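So this one's structure35.txt, compact mmCIF, C-alpha atoms:
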```
# COMPACT_ATOMS: atom_id res chain seq x y z
CA MET A 1147 0.00 0.00 0.00
CA ILE A 1148 1.18 3.46 -0.80
CA SER A 1149 -0.55 6.77 -0.46
CA LEU A 1150 -0.67 8.63 -3.70
CA THR A 1151 -1.69 12.22 -4.27
CA ILE A 1152 -2.07 13.49 -7.80
CA ASP A 1153 -3.63 16.90 -7.90
CA ILE A 1154 -2.48 18.68 -11.03
CA THR A 1155 -3.44 20.86 -13.94
CA LEU A 1156 -1.38 20.37 -17.07
CA ARG A 1157 -2.09 22.38 -20.20
CA GLN A 1158 -0.79 21.28 -23.52
CA ASP A 1159 -1.90 23.01 -26.72
CA ALA A 1160 -5.69 22.75 -26.74
CA PHE A 1161 -5.76 19.92 -24.20
CA THR A 1162 -6.00 20.33 -20.44
CA LEU A 1163 -5.44 17.55 -17.95
CA ASP A 1164 -7.12 18.30 -14.66
CA VAL A 1165 -6.91 15.58 -12.03
CA SER A 1166 -7.36 15.70 -8.29
CA GLU A 1167 -7.10 12.35 -6.55
CA SER A 1168 -5.73 11.01 -3.34
CA ALA A 1169 -5.78 7.32 -2.50
CA SER A 1170 -3.93 4.51 -0.78
CA VAL A 1171 -3.42 1.76 -3.31
CA GLU A 1172 -1.40 -1.25 -4.35
CA VAL A 1173 -2.49 -1.02 -7.96
CA LEU A 1174 -4.16 2.10 -9.27
CA GLY A 1175 -5.78 1.64 -12.66
CA LEU A 1176 -6.13 4.48 -15.15
CA PHE A 1177 -8.87 3.73 -17.59
CA GLY A 1178 -10.13 5.70 -20.56
CA PRO A 1179 -10.08 6.12 -24.34
CA SER A 1180 -7.08 7.30 -26.36
CA GLY A 1181 -6.39 10.98 -25.85
CA SER A 1182 -7.99 11.09 -22.43
CA GLY A 1183 -4.73 12.10 -20.77
CA LYS A 1184 -3.59 8.79 -19.26
CA THR A 1185 -0.07 8.95 -20.68
CA SER A 1186 0.32 12.66 -19.85
CA LEU A 1187 -0.59 11.83 -16.27
CA LEU A 1188 2.09 9.12 -16.08
CA GLU A 1189 4.67 11.42 -17.63
CA ALA A 1190 3.87 14.11 -15.07
CA VAL A 1191 4.40 11.61 -12.23
CA ALA A 1192 7.67 10.44 -13.82
CA GLY A 1193 8.86 14.05 -14.09
CA LEU A 1194 8.90 14.08 -17.88
CA ARG A 1195 6.18 16.73 -18.11
CA HIS A 1196 5.76 19.79 -15.96
CA PRO A 1197 2.29 20.48 -14.63
CA ASP A 1198 1.13 24.09 -14.55
CA ARG A 1199 0.06 23.79 -10.95
CA GLY A 1200 -0.69 21.32 -8.19
CA ALA A 1201 1.03 18.57 -6.25
CA ILE A 1202 2.30 15.04 -6.78
CA LYS A 1203 3.11 13.05 -3.69
CA VAL A 1204 4.15 9.41 -3.48
CA GLY A 1205 4.20 8.02 0.07
CA ASP A 1206 5.62 10.84 2.15
CA ARG A 1207 7.74 12.26 -0.68
CA ASP A 1208 6.75 15.43 -2.47
CA LEU A 1209 7.77 14.96 -6.09
CA TYR A 1210 6.13 18.12 -7.26
CA SER A 1211 4.42 20.97 -5.52
CA SER A 1212 3.70 24.34 -7.01
CA THR A 1213 2.98 25.87 -3.60
CA LEU A 1214 6.15 24.47 -1.98
CA GLN A 1215 8.08 25.17 -5.21
CA ILE A 1216 9.30 21.58 -5.40
CA ASN A 1217 9.96 19.88 -8.69
CA LEU A 1218 12.23 16.88 -8.30
CA PRO A 1219 14.06 16.01 -11.52
CA SER A 1220 13.18 12.61 -13.01
CA ARG A 1221 16.49 11.13 -11.96
CA GLU A 1222 15.78 11.75 -8.29
CA ARG A 1223 12.16 10.57 -8.23
CA ARG A 1224 12.72 6.80 -8.16
CA ILE A 1225 9.63 6.29 -10.30
CA GLY A 1226 9.89 3.39 -12.70
CA TYR A 1227 8.26 4.18 -16.03
CA VAL A 1228 7.43 1.63 -18.71
CA PRO A 1229 6.04 3.41 -21.77
CA GLN A 1230 3.64 1.71 -24.12
CA ASP A 1231 6.29 1.06 -26.77
CA ALA A 1232 8.79 -0.09 -24.08
CA LEU A 1233 11.47 2.23 -25.51
CA LEU A 1234 14.32 -0.17 -24.97
CA PHE A 1235 17.63 1.47 -25.84
CA PRO A 1236 18.21 0.13 -29.36
CA HIS A 1237 22.01 0.27 -29.22
CA LEU A 1238 22.24 -1.89 -26.08
CA ASP A 1239 21.52 -5.58 -25.64
CA VAL A 1240 18.90 -6.89 -23.22
CA LYS A 1241 21.31 -7.21 -20.30
CA ALA A 1242 22.73 -3.72 -20.74
CA ASN A 1243 19.19 -2.35 -20.93
CA ILE A 1244 18.23 -4.02 -17.67
CA LEU A 1245 21.39 -2.80 -15.93
CA TYR A 1246 21.21 0.77 -17.27
CA GLY A 1247 19.89 2.32 -14.07
CA THR A 1248 22.42 0.60 -11.82
CA SER A 1249 25.70 2.02 -13.08
CA GLY A 1250 26.49 3.57 -9.71
CA HIS A 1251 25.53 0.53 -7.61
CA LEU A 1252 27.79 -1.90 -5.79
CA GLY A 1253 28.84 -5.07 -7.59
CA THR A 1254 27.30 -7.75 -5.38
CA ALA A 1255 24.07 -5.92 -4.61
CA LYS A 1256 23.72 -5.21 -8.30
CA ALA A 1257 24.35 -8.83 -9.27
CA LEU A 1258 21.79 -10.08 -6.74
CA ALA A 1259 19.14 -7.59 -7.83
CA TYR A 1260 19.84 -8.46 -11.44
CA ALA A 1261 19.57 -12.21 -10.84
CA GLU A 1262 16.37 -11.75 -8.88
CA THR A 1263 14.76 -9.53 -11.50
CA VAL A 1264 15.77 -11.74 -14.42
CA ASP A 1265 14.41 -14.71 -12.53
CA LEU A 1266 11.15 -13.00 -11.60
CA LEU A 1267 10.38 -12.00 -15.18
CA GLU A 1268 11.89 -15.16 -16.66
CA LEU A 1269 14.30 -13.33 -18.90
CA GLY A 1270 17.24 -15.71 -18.56
CA SER A 1271 17.13 -16.90 -22.14
CA LEU A 1272 16.89 -13.39 -23.54
CA VAL A 1273 19.70 -11.47 -21.83
CA ALA A 1274 22.26 -11.79 -24.62
CA ARG A 1275 19.81 -10.88 -27.36
CA ARG A 1276 19.64 -7.66 -29.31
CA VAL A 1277 16.47 -5.80 -28.43
CA GLN A 1278 15.41 -5.73 -32.09
CA LYS A 1279 15.03 -9.51 -31.94
CA LEU A 1280 12.43 -9.45 -29.17
CA SER A 1281 8.67 -9.83 -29.54
CA GLY A 1282 6.31 -7.15 -28.21
CA GLY A 1283 5.64 -9.01 -24.98
CA GLU A 1284 9.34 -9.72 -24.41
CA LYS A 1285 10.16 -6.06 -24.90
CA GLN A 1286 7.61 -5.16 -22.26
CA ARG A 1287 9.09 -7.61 -19.78
CA VAL A 1288 12.61 -6.28 -20.37
CA ALA A 1289 11.37 -2.70 -19.93
CA ILE A 1290 9.66 -3.70 -16.67
CA ALA A 1291 12.89 -5.38 -15.48
CA ARG A 1292 14.88 -2.27 -16.37
CA ALA A 1293 12.51 -0.09 -14.36
CA LEU A 1294 12.48 -2.51 -11.40
CA MET A 1295 16.27 -2.42 -11.11
CA ILE A 1296 16.15 1.09 -9.64
CA ARG A 1297 13.98 -0.26 -6.78
CA PRO A 1298 11.23 2.18 -7.66
CA ALA A 1299 8.88 3.62 -5.07
CA LEU A 1300 6.18 3.32 -7.72
CA LEU A 1301 6.03 1.61 -11.09
CA LEU A 1302 4.10 3.23 -13.95
CA LEU A 1303 2.91 0.89 -16.68
CA ASP A 1304 1.44 2.39 -19.84
CA GLU A 1305 -0.72 -0.21 -21.57
CA PRO A 1306 1.78 -3.03 -21.01
CA LEU A 1307 -0.46 -5.53 -22.77
CA ALA A 1308 -1.63 -3.38 -25.67
CA GLY A 1309 0.53 -4.87 -28.41
CA VAL A 1310 0.24 -8.39 -27.11
CA ASP A 1311 -2.20 -11.08 -28.21
CA ARG A 1312 -4.66 -12.60 -25.77
CA GLU A 1313 -2.69 -15.77 -25.11
CA ARG A 1314 0.51 -13.90 -24.27
CA ARG A 1315 -1.48 -11.38 -22.27
CA ASP A 1316 -2.57 -14.15 -19.96
CA ARG A 1317 1.09 -15.06 -19.56
CA ILE A 1318 2.32 -11.53 -18.73
CA LEU A 1319 -0.40 -10.65 -16.26
CA PRO A 1320 0.94 -13.13 -13.67
CA TYR A 1321 4.36 -11.38 -13.82
CA LEU A 1322 2.67 -8.15 -12.87
CA MET A 1323 0.88 -9.89 -10.04
CA ARG A 1324 4.26 -11.16 -8.83
CA ILE A 1325 5.70 -7.65 -8.81
CA ARG A 1326 2.80 -6.62 -6.66
CA LYS A 1327 2.97 -9.63 -4.32
CA GLN A 1328 6.71 -10.38 -4.07
CA LEU A 1329 8.38 -7.03 -4.48
CA HIS A 1330 5.58 -4.97 -2.95
CA VAL A 1331 6.09 -2.34 -5.63
CA PRO A 1332 2.89 -0.35 -6.06
CA LEU A 1333 1.72 0.09 -9.63
CA VAL A 1334 -0.12 2.65 -11.67
CA TYR A 1335 -1.57 0.70 -14.54
CA VAL A 1336 -2.90 2.36 -17.69
CA THR A 1337 -5.22 0.52 -20.05
CA HIS A 1338 -8.40 0.81 -22.03
CA ASP A 1339 -9.32 -2.75 -21.20
CA ALA A 1340 -11.67 -3.18 -18.24
CA ASP A 1341 -10.87 -6.90 -17.88
CA GLU A 1342 -7.22 -6.19 -17.09
CA LEU A 1343 -8.16 -3.76 -14.35
CA THR A 1344 -10.71 -6.12 -12.87
CA ALA A 1345 -7.91 -8.66 -12.63
CA ILE A 1346 -5.21 -6.48 -11.15
CA ALA A 1347 -6.33 -3.07 -9.83
CA ASP A 1348 -7.73 -2.21 -6.42
CA ARG A 1349 -8.83 1.24 -7.46
CA VAL A 1350 -9.65 2.71 -10.85
CA LEU A 1351 -9.76 6.25 -12.19
CA LYS A 1352 -11.78 6.68 -15.32
CA LEU A 1353 -10.46 9.54 -17.45
CA GLU A 1354 -12.22 11.32 -20.25
CA ALA A 1355 -10.90 14.38 -22.08
CA GLY A 1356 -8.42 15.12 -19.32
CA ARG A 1357 -10.84 14.78 -16.40
CA VAL A 1358 -11.70 12.07 -13.91
CA VAL A 1359 -15.30 11.12 -14.64
CA ALA A 1360 -15.51 8.19 -12.22
CA SER A 1361 -13.41 6.52 -9.56
CA GLY A 1362 -13.66 3.55 -7.25
CA PRO A 1363 -12.81 -0.13 -6.93
CA PRO A 1364 -13.22 -2.14 -10.15
CA SER A 1365 -16.11 -4.08 -8.58
CA ALA A 1366 -18.05 -0.82 -8.31
CA MET A 1367 -17.07 0.37 -11.78
CA TRP A 1368 -17.87 -2.86 -13.63
CA PRO A 1369 -20.14 -4.92 -11.36
CA ALA A 1370 -21.04 -7.39 -14.12
CA ALA A 1371 -17.40 -8.12 -15.00
CA THR A 1372 -16.32 -8.93 -11.46
CA ARG A 1373 -15.89 -12.57 -10.85
CA MET B 928 54.76 11.28 -58.94
CA THR B 929 57.72 12.64 -57.04
CA ALA B 930 58.79 12.37 -53.42
CA GLU B 931 57.72 15.99 -53.05
CA THR B 932 54.12 15.33 -54.10
CA TRP B 933 53.88 12.38 -51.75
CA ALA B 934 55.27 14.45 -48.89
CA ILE B 935 52.65 17.12 -49.56
CA ALA B 936 49.88 14.51 -49.65
CA ARG B 937 51.07 12.89 -46.42
CA PHE B 938 51.33 16.26 -44.69
CA THR B 939 47.84 17.28 -45.82
CA VAL B 940 46.20 14.05 -44.66
CA LEU B 941 47.98 14.28 -41.31
CA MET B 942 46.89 17.89 -40.81
CA ALA B 943 43.29 17.15 -41.87
CA LEU B 944 43.11 14.17 -39.49
CA THR B 945 44.46 16.29 -36.63
CA ALA B 946 42.01 19.08 -37.41
CA THR B 947 39.06 16.64 -37.57
CA PHE B 948 40.07 15.02 -34.27
CA LEU B 949 40.37 18.41 -32.56
CA VAL B 950 37.22 19.90 -34.05
CA LEU B 951 34.95 17.02 -32.97
CA PRO B 952 34.60 17.84 -29.24
CA PRO B 953 33.58 21.50 -29.74
CA ALA B 954 31.45 20.59 -32.77
CA ILE B 955 29.64 17.87 -30.79
CA ALA B 956 29.05 20.27 -27.90
CA THR B 957 27.74 22.93 -30.30
CA GLY B 958 25.55 20.46 -32.20
CA TRP B 959 24.07 19.21 -28.92
CA VAL B 960 23.34 22.73 -27.67
CA LEU B 961 21.68 23.65 -30.98
CA ALA B 962 19.64 20.43 -31.08
CA ARG B 963 18.54 20.25 -27.46
CA LYS B 964 18.68 23.66 -25.78
CA SER B 965 16.64 26.78 -26.21
CA PHE B 966 17.99 30.07 -24.93
CA ALA B 967 17.92 33.77 -25.65
CA GLY B 968 20.18 34.63 -28.57
CA LYS B 969 20.10 31.13 -30.06
CA ALA B 970 19.46 32.47 -33.56
CA LEU B 971 22.50 34.72 -33.24
CA PHE B 972 24.63 31.85 -31.95
CA GLU B 973 23.46 29.69 -34.84
CA THR B 974 24.42 32.40 -37.32
CA ILE B 975 27.88 32.80 -35.82
CA VAL B 976 28.43 29.04 -35.94
CA SER B 977 27.53 28.97 -39.64
CA LEU B 978 29.53 32.06 -40.54
CA PRO B 979 32.69 30.29 -41.78
CA LEU B 980 30.46 28.38 -44.18
CA VAL B 981 29.41 31.48 -46.10
CA LEU B 982 32.27 33.85 -45.42
CA PRO B 983 34.99 33.68 -48.10
CA PRO B 984 37.66 31.41 -46.58
CA VAL B 985 40.24 34.07 -47.37
CA ALA B 986 38.30 36.44 -45.11
CA SER B 987 38.23 33.85 -42.32
CA GLY B 988 41.96 33.46 -42.90
CA LEU B 989 42.53 37.17 -42.45
CA VAL B 990 40.58 37.11 -39.19
CA LEU B 991 42.75 34.21 -38.02
CA LEU B 992 45.90 36.04 -39.10
CA TRP B 993 44.84 39.00 -36.98
CA LEU B 994 43.85 36.80 -34.01
CA PHE B 995 47.03 34.71 -34.00
CA GLY B 996 49.44 37.34 -35.29
CA ARG B 997 52.16 38.53 -32.90
CA ARG B 998 50.06 41.57 -32.01
CA GLY B 999 46.70 39.82 -32.06
CA PRO B 1000 44.82 39.02 -28.86
CA LEU B 1001 45.53 35.27 -29.00
CA GLY B 1002 48.90 35.53 -30.72
CA ARG B 1003 50.33 37.78 -28.02
CA ALA B 1004 49.28 35.40 -25.24
CA LEU B 1005 50.69 32.39 -27.11
CA ASP B 1006 53.88 34.28 -27.96
CA ALA B 1007 54.38 34.95 -24.24
CA VAL B 1008 54.59 31.19 -23.60
CA GLY B 1009 56.76 30.63 -26.64
CA ILE B 1010 54.18 29.23 -29.04
CA GLU B 1011 54.23 30.48 -32.57
CA VAL B 1012 51.21 29.74 -34.73
CA VAL B 1013 51.22 31.85 -37.87
CA PHE B 1014 53.05 30.29 -40.85
CA THR B 1015 53.52 26.97 -39.03
CA TRP B 1016 51.72 23.64 -39.29
CA LYS B 1017 49.59 24.73 -36.32
CA ALA B 1018 48.10 27.49 -38.47
CA VAL B 1019 47.25 24.87 -41.11
CA VAL B 1020 45.35 22.83 -38.51
CA ILE B 1021 43.55 25.87 -37.10
CA ALA B 1022 42.50 27.06 -40.57
CA MET B 1023 41.16 23.58 -41.38
CA MET B 1024 39.31 23.43 -38.05
CA VAL B 1025 37.63 26.79 -38.47
CA ILE B 1026 36.49 26.08 -42.01
CA SER B 1027 35.21 22.56 -41.29
CA PHE B 1028 33.66 23.37 -37.90
CA PRO B 1029 30.21 24.50 -39.18
CA LEU B 1030 29.87 21.42 -41.39
CA VAL B 1031 30.67 19.05 -38.54
CA ALA B 1032 28.48 20.91 -36.02
CA ARG B 1033 25.52 20.93 -38.42
CA SER B 1034 25.83 17.24 -39.15
CA VAL B 1035 26.09 16.41 -35.44
CA ARG B 1036 23.05 18.57 -34.78
CA ALA B 1037 21.01 16.79 -37.44
CA GLY B 1038 22.11 13.44 -35.99
CA ILE B 1039 21.07 14.41 -32.46
CA GLU B 1040 17.75 15.85 -33.62
CA GLN B 1041 16.89 12.43 -35.02
CA VAL B 1042 17.31 10.78 -31.62
CA ASP B 1043 13.90 10.30 -29.98
CA GLN B 1044 14.01 12.46 -26.87
CA ARG B 1045 11.86 9.97 -25.04
CA PHE B 1046 14.92 7.69 -24.79
CA GLU B 1047 16.62 10.47 -22.89
CA GLY B 1048 13.55 10.83 -20.66
CA ILE B 1049 13.57 7.12 -19.83
CA ALA B 1050 17.29 7.30 -19.02
CA ALA B 1051 16.52 10.17 -16.64
CA THR B 1052 13.83 8.16 -14.83
CA LEU B 1053 16.50 5.44 -14.41
CA GLY B 1054 18.67 7.91 -12.52
CA ALA B 1055 21.01 9.16 -15.26
CA GLY B 1056 22.23 12.75 -15.19
CA TRP B 1057 22.59 14.90 -18.30
CA PHE B 1058 26.20 13.91 -18.96
CA GLN B 1059 25.52 10.19 -18.59
CA ILE B 1060 22.50 10.55 -20.88
CA LEU B 1061 24.60 12.42 -23.44
CA THR B 1062 27.43 9.90 -23.48
CA THR B 1063 25.44 6.66 -23.14
CA ILE B 1064 22.23 7.44 -25.05
CA THR B 1065 22.30 10.58 -27.20
CA LEU B 1066 25.75 10.35 -28.79
CA PRO B 1067 25.68 6.59 -29.48
CA LEU B 1068 22.26 6.95 -31.12
CA ALA B 1069 23.50 9.97 -33.09
CA SER B 1070 26.73 8.23 -34.08
CA ARG B 1071 25.86 8.08 -37.76
CA GLY B 1072 25.45 11.86 -37.93
CA ILE B 1073 28.66 12.33 -35.98
CA ILE B 1074 30.67 10.01 -38.23
CA ALA B 1075 29.17 11.59 -41.35
CA GLY B 1076 30.08 15.01 -39.96
CA ALA B 1077 33.63 13.90 -39.25
CA ILE B 1078 34.07 12.60 -42.80
CA LEU B 1079 32.54 15.75 -44.24
CA GLY B 1080 34.80 17.90 -42.08
CA PHE B 1081 37.85 15.83 -43.02
CA SER B 1082 37.04 16.15 -46.73
CA ARG B 1083 36.55 19.87 -46.41
CA ALA B 1084 39.81 20.19 -44.49
CA LEU B 1085 41.69 18.29 -47.23
CA GLY B 1086 40.65 20.85 -49.82
CA GLU B 1087 41.12 23.93 -47.65
CA PHE B 1088 42.86 26.73 -49.52
CA GLY B 1089 41.80 30.31 -48.78
CA ALA B 1090 42.18 30.46 -45.02
CA THR B 1091 45.29 28.27 -45.10
CA ILE B 1092 47.21 30.44 -47.53
CA MET B 1093 46.41 33.55 -45.47
CA VAL B 1094 47.43 32.26 -42.08
CA ALA B 1095 49.91 29.51 -42.91
CA GLY B 1096 51.30 30.60 -46.27
CA ALA B 1097 52.74 28.13 -48.77
CA ILE B 1098 56.08 27.22 -47.32
CA PRO B 1099 57.32 24.08 -49.10
CA GLY B 1100 57.92 21.28 -46.65
CA ARG B 1101 56.40 23.23 -43.73
CA THR B 1102 52.88 24.43 -44.48
CA GLN B 1103 52.20 23.41 -48.06
CA THR B 1104 48.99 21.42 -48.43
CA LEU B 1105 47.50 19.77 -51.53
CA ALA B 1106 45.31 22.72 -52.50
CA VAL B 1107 47.97 25.30 -51.81
CA GLY B 1108 50.54 23.10 -53.53
CA ILE B 1109 48.49 22.84 -56.72
CA TYR B 1110 48.21 26.60 -56.84
CA THR B 1111 51.88 27.35 -56.20
CA LEU B 1112 53.13 24.69 -58.60
CA VAL B 1113 51.01 26.12 -61.43
CA GLU B 1114 52.08 29.65 -60.50
CA THR B 1115 55.72 28.66 -60.69
CA GLY B 1116 55.30 26.93 -64.04
CA ARG B 1117 55.48 23.33 -62.80
CA GLU B 1118 52.04 22.35 -63.94
CA GLU B 1119 52.95 18.72 -64.64
CA LEU B 1120 53.74 18.23 -60.93
CA ALA B 1121 50.46 19.89 -60.00
CA TRP B 1122 48.59 17.16 -61.87
CA GLY B 1123 50.04 14.60 -59.51
CA LEU B 1124 48.53 16.50 -56.59
CA VAL B 1125 45.21 16.71 -58.43
CA ALA B 1126 45.23 12.92 -58.84
CA ILE B 1127 45.91 12.38 -55.13
CA SER B 1128 43.20 14.89 -54.19
CA ALA B 1129 40.70 13.12 -56.42
CA LEU B 1130 41.61 9.76 -54.90
CA LEU B 1131 41.18 11.04 -51.33
CA ALA B 1132 37.89 12.76 -52.15
CA PHE B 1133 36.62 9.59 -53.81
CA GLY B 1134 37.53 7.54 -50.74
CA ALA B 1135 35.86 9.94 -48.33
CA ILE B 1136 32.63 10.13 -50.31
CA TYR B 1137 32.57 6.37 -50.76
CA VAL B 1138 32.99 5.71 -47.03
CA SER B 1139 30.44 8.40 -46.20
CA ASN B 1140 27.87 6.89 -48.56
CA ARG B 1141 28.52 3.42 -47.19
CA ILE B 1142 27.76 4.68 -43.68
CA ALA B 1143 24.67 6.60 -44.79
CA GLY B 1144 23.47 3.58 -46.72
CA SER B 1145 23.92 0.99 -43.98
CA ARG B 1146 20.77 0.28 -42.08
CA GLY B 1147 19.99 -1.03 -38.62
CA THR B 1148 21.37 0.36 -35.40
CA PRO B 1149 24.82 1.86 -35.32
```
So that I can check it, write out the structure of this file as structure tokens.
Amino acid sequence: MISLTIDITLRQDAFTLDVSESASVEVLGLFGPSGSGKTSLLEAVAGLRHPDRGAIKVGDRDLYSSTLQINLPSRERRIGYVPQDALLFPHLDVKANILYGTSGHLGTAKALAYAETVDLLELGSLVARRVQKLSGGEKQRVAIARALMIRPALLLLDEPLAGVDRERRDRILPYLMRIRKQLHVPLVYVTHDADELTAIADRVLKLEAGRVVASGPPSAMWPAATR
Amino acid sequence: MTAETWAIARFTVLMALTATFLVLPPAIATGWVLARKSFAGKALFETIVSLPLVLPPVASGLVLLWLFGRRGPLGRALDAVGIEVVFTWKAVVIAMMVISFPLVARSVRAGIEQVDQRFEGIAATLGAGWFQILTTITLPLASRGIIAGAILGFSRALGEFGATIMVAGAIPGRTQTLAVGIYTLVETGREELAWGLVAISALLAFGAIYVSNRIAGSRGTP
């Protein structure tokens, strides 16, 4: 469980994202159609976009606050971010991608964390590969591993299952469950698929045109879908 | 082909390589600033960077002659520590650097602009600072533009004439490059020797363009 405050206004051309939410969650789902502001919200939390006003707080850490004049740079936020297209560094192999965020860490601690992460996401057979040779689902898993290596306070996942067929989707979802259960890393999970959120989220924000139009546990949002 | 023509060719290649090597760090820094930073006076900075490209090289050479001359602002300081630039091989290198700098910086800039900035954002979320991002993400992904710029700069340096003759002169065996050599040989009625230099120049230019096209044509990640 982590307490999460996202209370921001972010203007971008003709679009305005206006969100004010505070919740204690293990997995917060962001649900909504394309262009509703889900990705912008994640980027603001990761420090890749600057809100015009407001506050972002993860646990007891202020990442951004316009009143306190705090704006932690991305590198100091410890927020893992897995974008929709994974964005693996194309000039590095899988192992170098996973280890990218640990260049300043100690040898043994790094090796242990690496072994644990590779094991958790079952990447052992992929580590020597070039990232161009990976499938969509494999890329996502490597990107998740890369983000986990910084021991993030929060992991942001932008449609991790979007480019993945149904069969593989059912194979990746358990990995995400493991992150939640074994590593106790809270997640913010973006999707436009209600089934995924019913399976994994404990609270859902429904976004439309930059605003929260509904929020609550998935069982309240989609009563029929809850098993 | 005489020993003299080969000596001139060797000297020119050595000077152009030195100039390319020395011009890369400032050109990369400039290309990065132009591609990634916005600041007041950027348009002016951009214009100054491109100036040697449009200014007659002879004019650039005169500016260099003034700067590095015994009474020039840089020349006086260097003279005080016993370094002489004008009419030495150092002047040849500096002339080549100044003339090729805008070409290299522009190519580096184009290369960096093609790098998806979201890679840099992800690197930042993974804890990388600006310098680590530059050296481990931006420059490796822009390597094709950087290499192309280096080849372009090297080729331009090989053919440098106007600025070189102003600031380094045409001292046989000391500052005479291919381009300057062709000119002085024809001037002194030794045209048949000049043709040898033309042949070497053509060969070098052919090689540079060929390598450059091979790099531009190769696909996949660098």
I want to know what sits within 10 Å of range 1136-1144 of chain B, based on all atoms listed in the file, with residues of the same chain fewer than 5 positions away left out; could you give that as a count of residues only? 11
Which residues of chain B sit at most 8 Å from chain A, using only C-alpha atoms? Give each one's shortest atom pair and distance in Å (one decimal place), in chain and ascending residue order, as CSV.
```
residue,atom,partner,partner_atom,distance
B:Arg1045,CA,A:Leu1233,CA,7.8
B:Phe1046,CA,A:Leu1233,CA,6.5
B:Gly1048,CA,A:Leu1194,CA,6.3
B:Ile1049,CA,A:Tyr1227,CA,7.2
B:Ala1050,CA,A:Gly1247,CA,7.5
B:Ala1051,CA,A:Arg1221,CA,4.8
B:Thr1052,CA,A:Ser1220,CA,4.9
B:Leu1053,CA,A:Gly1247,CA,4.6
B:Gly1054,CA,A:Arg1221,CA,3.9
B:Ala1055,CA,A:Arg1221,CA,5.9
B:Gly1056,CA,A:Arg1221,CA,6.8
B:Ile1064,CA,A:Phe1235,CA,7.6
B:Pro1067,CA,A:His1237,CA,7.3
B:Leu1068,CA,A:His1237,CA,6.9
B:Thr1148,CA,A:His1237,CA,6.2
B:Pro1149,CA,A:His1237,CA,6.9
```
Rounded to one decimal place, report the CA of Thr1162 in chain A-CA of Asp1043 in chain B distance in Å. 24.2 Å
Which neighbours of Gly1108 in chain B fall inside 10 Å, counting all atoms listed in the file, when residues of the same chain fewer than 4 positions from it are skipped, and could you give them as JSON, numbers by chain? {"B": [932, 935, 936, 1088, 1097, 1098, 1099, 1102, 1103, 1104, 1112, 1113, 1114, 1120, 1121, 1124, 1125]}
How many Å lie between CA of Asp1311 in chain A and CA of Phe1177 in chain A, rounded to one decimal?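 We find that CA of Asp1311 in chain A and CA of Phe1177 in chain A lie 19.4 Å from each other.
The gap separating CA of Leu1187 in chain A from CA of Asp1153 in chain A is 10.2 Å, in Å to one decimal.
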Closest of B:Trp933, B:Phe1081, B:Phe972, B:Phe948 to Ile1026 in chain B - atom-to-atom distances counting all atoms listed in the file: B:Phe1081
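Using only C-alpha atoms, the shortest contact distance between Arg937 in chain B and any of B:Leu994, B:Leu961, B:Leu1105, B:Ala1132 is found at B:Leu1105.
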Proximity to Lys1279 in chain A - best of A:Ala1299, A:Val1310, A:Leu1163, A:Val1240, all atoms listed in the file: A:Val1240
Which one of B:Ile955, B:Val1012, B:Ala1018, B:Leu1005 sits closest to Thr1062 in chain B if you count only C-alpha atoms?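 Answer, going by the shortest atom-to-atom distance: B:Ile955.
Comparing the minimum interatomic distances between Val1350 in chain A and each of A:Asp1239, A:Asp1304, A:Asp1164, A:Glu1172, counting all atoms listed in the file, we find that A:Glu1172 sits nearest.
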Which protein, DNA or RNA residues have an atom at most 8 Å from (26.7, 17.9, -33.7), counting all atoms listed in the file? List them as an MDAnalysis selection string. chainID B and resid 954:959 962 1031:1039 1072:1073 1076
Answer as a list in words, residues within 6 Å of (-11.4, 5.7, -5.4) using all atoms listed in the file: Arg1349, Ser1361 and Gly1362 of chain A
